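Below: data.txt (compact mmCIF, N, CA and C atoms)
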```txt
# COMPACT_ATOMS: atom_id res chain seq x y z
N MET A 534 17.42 -4.68 12.67
CA MET A 534 18.34 -4.16 11.67
C MET A 534 17.76 -4.32 10.27
N ASP A 535 17.98 -3.34 9.43
CA ASP A 535 17.51 -3.37 8.05
C ASP A 535 18.59 -4.03 7.19
N THR A 536 18.27 -5.14 6.57
CA THR A 536 19.24 -5.85 5.75
C THR A 536 19.12 -5.51 4.27
N HIS A 537 18.25 -4.56 3.94
CA HIS A 537 18.06 -4.17 2.55
C HIS A 537 19.05 -3.07 2.17
N THR A 538 19.72 -3.26 1.04
CA THR A 538 20.58 -2.20 0.55
C THR A 538 19.77 -1.30 -0.36
N THR A 539 20.13 -0.03 -0.39
CA THR A 539 19.42 0.91 -1.25
C THR A 539 20.40 1.52 -2.25
N GLU A 540 19.87 1.85 -3.41
CA GLU A 540 20.65 2.50 -4.46
C GLU A 540 19.78 3.53 -5.13
N TRP A 541 20.40 4.59 -5.62
CA TRP A 541 19.68 5.56 -6.42
C TRP A 541 19.38 4.94 -7.77
N ILE A 542 18.20 5.21 -8.30
CA ILE A 542 17.88 4.78 -9.66
C ILE A 542 18.51 5.80 -10.60
N ARG A 543 19.32 5.33 -11.54
CA ARG A 543 20.00 6.22 -12.47
C ARG A 543 19.24 6.31 -13.78
N CYS A 544 19.31 7.48 -14.39
CA CYS A 544 18.63 7.70 -15.67
C CYS A 544 19.28 6.84 -16.75
N PRO A 545 18.49 6.06 -17.49
CA PRO A 545 19.06 5.24 -18.55
C PRO A 545 19.55 6.07 -19.75
N ILE A 546 19.16 7.33 -19.84
CA ILE A 546 19.57 8.19 -20.95
C ILE A 546 20.92 8.86 -20.66
N CYS A 547 21.02 9.58 -19.53
CA CYS A 547 22.25 10.33 -19.24
C CYS A 547 23.10 9.71 -18.13
N GLY A 548 22.53 8.77 -17.35
CA GLY A 548 23.30 8.09 -16.30
C GLY A 548 23.36 8.82 -14.97
N CYS A 549 22.69 9.96 -14.85
CA CYS A 549 22.69 10.71 -13.59
C CYS A 549 21.67 10.14 -12.61
N LYS A 550 21.88 10.45 -11.34
CA LYS A 550 20.95 10.02 -10.30
C LYS A 550 19.61 10.71 -10.47
N THR A 551 18.53 9.96 -10.25
CA THR A 551 17.20 10.54 -10.25
C THR A 551 16.83 10.81 -8.79
N ARG A 552 15.60 11.19 -8.55
CA ARG A 552 15.16 11.47 -7.17
C ARG A 552 14.59 10.22 -6.50
N ASP A 553 14.69 9.07 -7.15
CA ASP A 553 14.10 7.84 -6.63
C ASP A 553 15.18 6.84 -6.23
N LYS A 554 14.87 6.08 -5.20
CA LYS A 554 15.76 5.02 -4.74
C LYS A 554 15.06 3.68 -4.90
N MET A 555 15.87 2.60 -4.94
CA MET A 555 15.31 1.25 -4.95
C MET A 555 16.04 0.43 -3.89
N ARG A 556 15.33 -0.54 -3.35
CA ARG A 556 15.90 -1.48 -2.39
C ARG A 556 15.96 -2.85 -3.05
N THR A 557 16.57 -3.81 -2.36
CA THR A 557 16.68 -5.16 -2.93
C THR A 557 15.32 -5.81 -3.12
N ASP A 558 14.31 -5.40 -2.35
CA ASP A 558 12.97 -5.99 -2.48
C ASP A 558 12.00 -5.11 -3.25
N THR A 559 12.50 -4.08 -3.93
CA THR A 559 11.64 -3.17 -4.71
C THR A 559 11.19 -3.83 -6.01
N ILE A 560 9.89 -3.72 -6.28
CA ILE A 560 9.33 -4.18 -7.55
C ILE A 560 8.50 -3.04 -8.12
N LEU A 561 8.87 -2.59 -9.32
CA LEU A 561 8.13 -1.53 -10.01
C LEU A 561 7.73 -2.06 -11.38
N GLN A 562 6.52 -1.75 -11.79
CA GLN A 562 6.05 -2.13 -13.12
C GLN A 562 5.48 -0.90 -13.79
N ASN A 563 5.91 -0.67 -15.03
CA ASN A 563 5.45 0.48 -15.82
C ASN A 563 5.62 1.78 -15.05
N PHE A 564 6.79 1.99 -14.47
CA PHE A 564 7.07 3.17 -13.66
C PHE A 564 7.62 4.28 -14.55
N PRO A 565 6.99 5.46 -14.57
CA PRO A 565 7.51 6.58 -15.37
C PRO A 565 8.64 7.29 -14.62
N LEU A 566 9.87 6.97 -14.96
CA LEU A 566 11.04 7.54 -14.31
C LEU A 566 11.40 8.86 -14.97
N PHE A 567 11.43 9.95 -14.18
CA PHE A 567 11.76 11.27 -14.71
C PHE A 567 13.15 11.67 -14.23
N CYS A 568 13.97 12.14 -15.16
CA CYS A 568 15.32 12.61 -14.83
C CYS A 568 15.30 14.13 -14.72
N PRO A 569 15.66 14.69 -13.55
CA PRO A 569 15.65 16.14 -13.40
C PRO A 569 16.76 16.84 -14.19
N LYS A 570 17.79 16.11 -14.58
CA LYS A 570 18.88 16.74 -15.31
C LYS A 570 18.59 16.85 -16.81
N CYS A 571 18.27 15.71 -17.45
CA CYS A 571 18.05 15.75 -18.90
C CYS A 571 16.58 15.94 -19.26
N LYS A 572 15.71 16.00 -18.24
CA LYS A 572 14.27 16.25 -18.43
C LYS A 572 13.60 15.19 -19.31
N HIS A 573 14.09 13.96 -19.25
CA HIS A 573 13.54 12.89 -20.08
C HIS A 573 12.78 11.93 -19.18
N GLU A 574 11.65 11.43 -19.66
CA GLU A 574 10.86 10.45 -18.92
C GLU A 574 10.96 9.10 -19.63
N THR A 575 11.27 8.06 -18.86
CA THR A 575 11.44 6.72 -19.40
C THR A 575 10.56 5.77 -18.61
N LEU A 576 9.91 4.86 -19.30
CA LEU A 576 9.09 3.85 -18.65
C LEU A 576 9.98 2.66 -18.31
N ILE A 577 10.00 2.27 -17.01
CA ILE A 577 10.89 1.19 -16.57
C ILE A 577 10.15 0.17 -15.72
N ASN A 578 10.75 -1.01 -15.62
CA ASN A 578 10.39 -2.04 -14.64
C ASN A 578 11.61 -2.27 -13.78
N VAL A 579 11.41 -2.53 -12.48
CA VAL A 579 12.51 -2.84 -11.57
C VAL A 579 12.15 -4.09 -10.79
N LYS A 580 13.09 -5.04 -10.75
CA LYS A 580 12.93 -6.23 -9.95
C LYS A 580 14.30 -6.75 -9.58
N LYS A 581 14.52 -6.97 -8.28
CA LYS A 581 15.82 -7.44 -7.76
C LYS A 581 16.97 -6.55 -8.20
N MET A 582 16.78 -5.23 -8.06
CA MET A 582 17.79 -4.21 -8.37
C MET A 582 18.19 -4.17 -9.85
N GLN A 583 17.40 -4.80 -10.72
CA GLN A 583 17.65 -4.77 -12.17
C GLN A 583 16.63 -3.84 -12.81
N ILE A 584 17.11 -2.91 -13.62
CA ILE A 584 16.24 -1.95 -14.31
C ILE A 584 16.07 -2.39 -15.75
N ILE A 585 14.83 -2.52 -16.18
CA ILE A 585 14.51 -2.90 -17.56
C ILE A 585 13.75 -1.75 -18.19
N ILE A 586 14.25 -1.24 -19.30
CA ILE A 586 13.61 -0.14 -20.01
C ILE A 586 12.51 -0.71 -20.89
N ILE A 587 11.32 -0.12 -20.79
CA ILE A 587 10.18 -0.56 -21.59
C ILE A 587 10.13 0.32 -22.83
N THR A 588 10.24 -0.31 -23.99
CA THR A 588 10.11 0.44 -25.23
C THR A 588 8.69 0.25 -25.72
N GLU A 589 8.00 1.37 -25.86
CA GLU A 589 6.61 1.32 -26.28
C GLU A 589 6.53 1.08 -27.79
N PRO A 590 5.65 0.21 -28.24
CA PRO A 590 5.51 0.00 -29.68
C PRO A 590 4.96 1.25 -30.36
N ALA A 591 5.30 1.41 -31.62
CA ALA A 591 4.82 2.57 -32.37
C ALA A 591 3.30 2.51 -32.46
N ALA A 592 2.68 3.65 -32.52
CA ALA A 592 1.21 3.72 -32.57
C ALA A 592 0.72 3.12 -33.88
N LYS A 593 -0.32 2.33 -33.77
CA LYS A 593 -0.92 1.73 -34.96
C LYS A 593 -1.86 2.74 -35.62
N PRO A 594 -1.90 2.76 -36.95
CA PRO A 594 -2.84 3.67 -37.60
C PRO A 594 -4.27 3.25 -37.32
N GLN A 595 -5.12 4.22 -37.10
CA GLN A 595 -6.51 3.93 -36.82
C GLN A 595 -7.28 3.71 -38.11
N SER A 596 -8.07 2.64 -38.15
CA SER A 596 -8.90 2.40 -39.35
C SER A 596 -10.26 3.03 -39.14
N ARG A 597 -10.91 3.39 -40.22
CA ARG A 597 -12.21 4.05 -40.13
C ARG A 597 -13.33 3.12 -40.43
```
Before anything else, please render the file you have as structure tokens.
Amino acid sequence: MDTHTTEWIRCPICGCKTRDKMRTDTILQNFPLFCPKCKHETLINVKKMQIIIITEPAAKPQSR
């Protein structure tokens, strides 16, 4: 018997279901989550069914 529960990963922007699922033992790092409804891509981490949104730092100016 499979004791793992599964859930759809929801878009952190609009809250709709994405095409990806997670289980209780799923671990994702730097995963580019794409939402088919709002067409937005968000970088996330998943561990123990908790979704953490990764905010990328602003680009540093290049010195010459």
- Message: Which polymer residues, whether protein, DNA or RNA, lie within 8 Å of the coordinate (14.7, -9.1, -10.1) when you count all atoms listed in the file? List them as an MDAnalysis selection string, using the chain letters and numbers from the file.
- Response: chainID A and resid 557 559:560 579:584
- Tell me, which residues of chain A carry DSSP strand (DSSP E or B), written as a ChimeraX atom specification? /A:539-543,550-556,560-567,574-580,583-586
- Query: Please, what distance in Å, to one decimal, runs between atom CA of A:Thr551 and atom CA of A:Cys568?
  - Reply: 5.4 Å
- Task: Please tell me which residues are no farther than 8 Å from (15.8, 7.5, -10.2) in the file, counting only C-alpha atoms, and write them as a list of chain:residue names.
- Result: A:Trp541, A:Ile542, A:Arg543, A:Cys544, A:Lys550, A:Thr551, A:Arg552, A:Asp553, A:Lys554, A:Leu566, A:Phe567, A:Cys568
- What is the atom CA of A:Lys570-atom C of A:Thr538 distance in Å, reported with one decimal?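 Taking atom CA of A:Lys570 and atom C of A:Thr538, their separation equals 23.4 Å.
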- Message: Can you measure atom C of A:Ile586 to atom C of A:Thr539 for me? One decimal in Å is fine.
- Response: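 Separating atom C of A:Ile586 from atom C of A:Thr539 is a distance of 20.4 Å.
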- Item | Nearest residue to A:Glu589 from the set A:Cys571, A:Ile546, A:Leu576, A:Met555 (distances using all atoms listed in the file) | A:Leu576
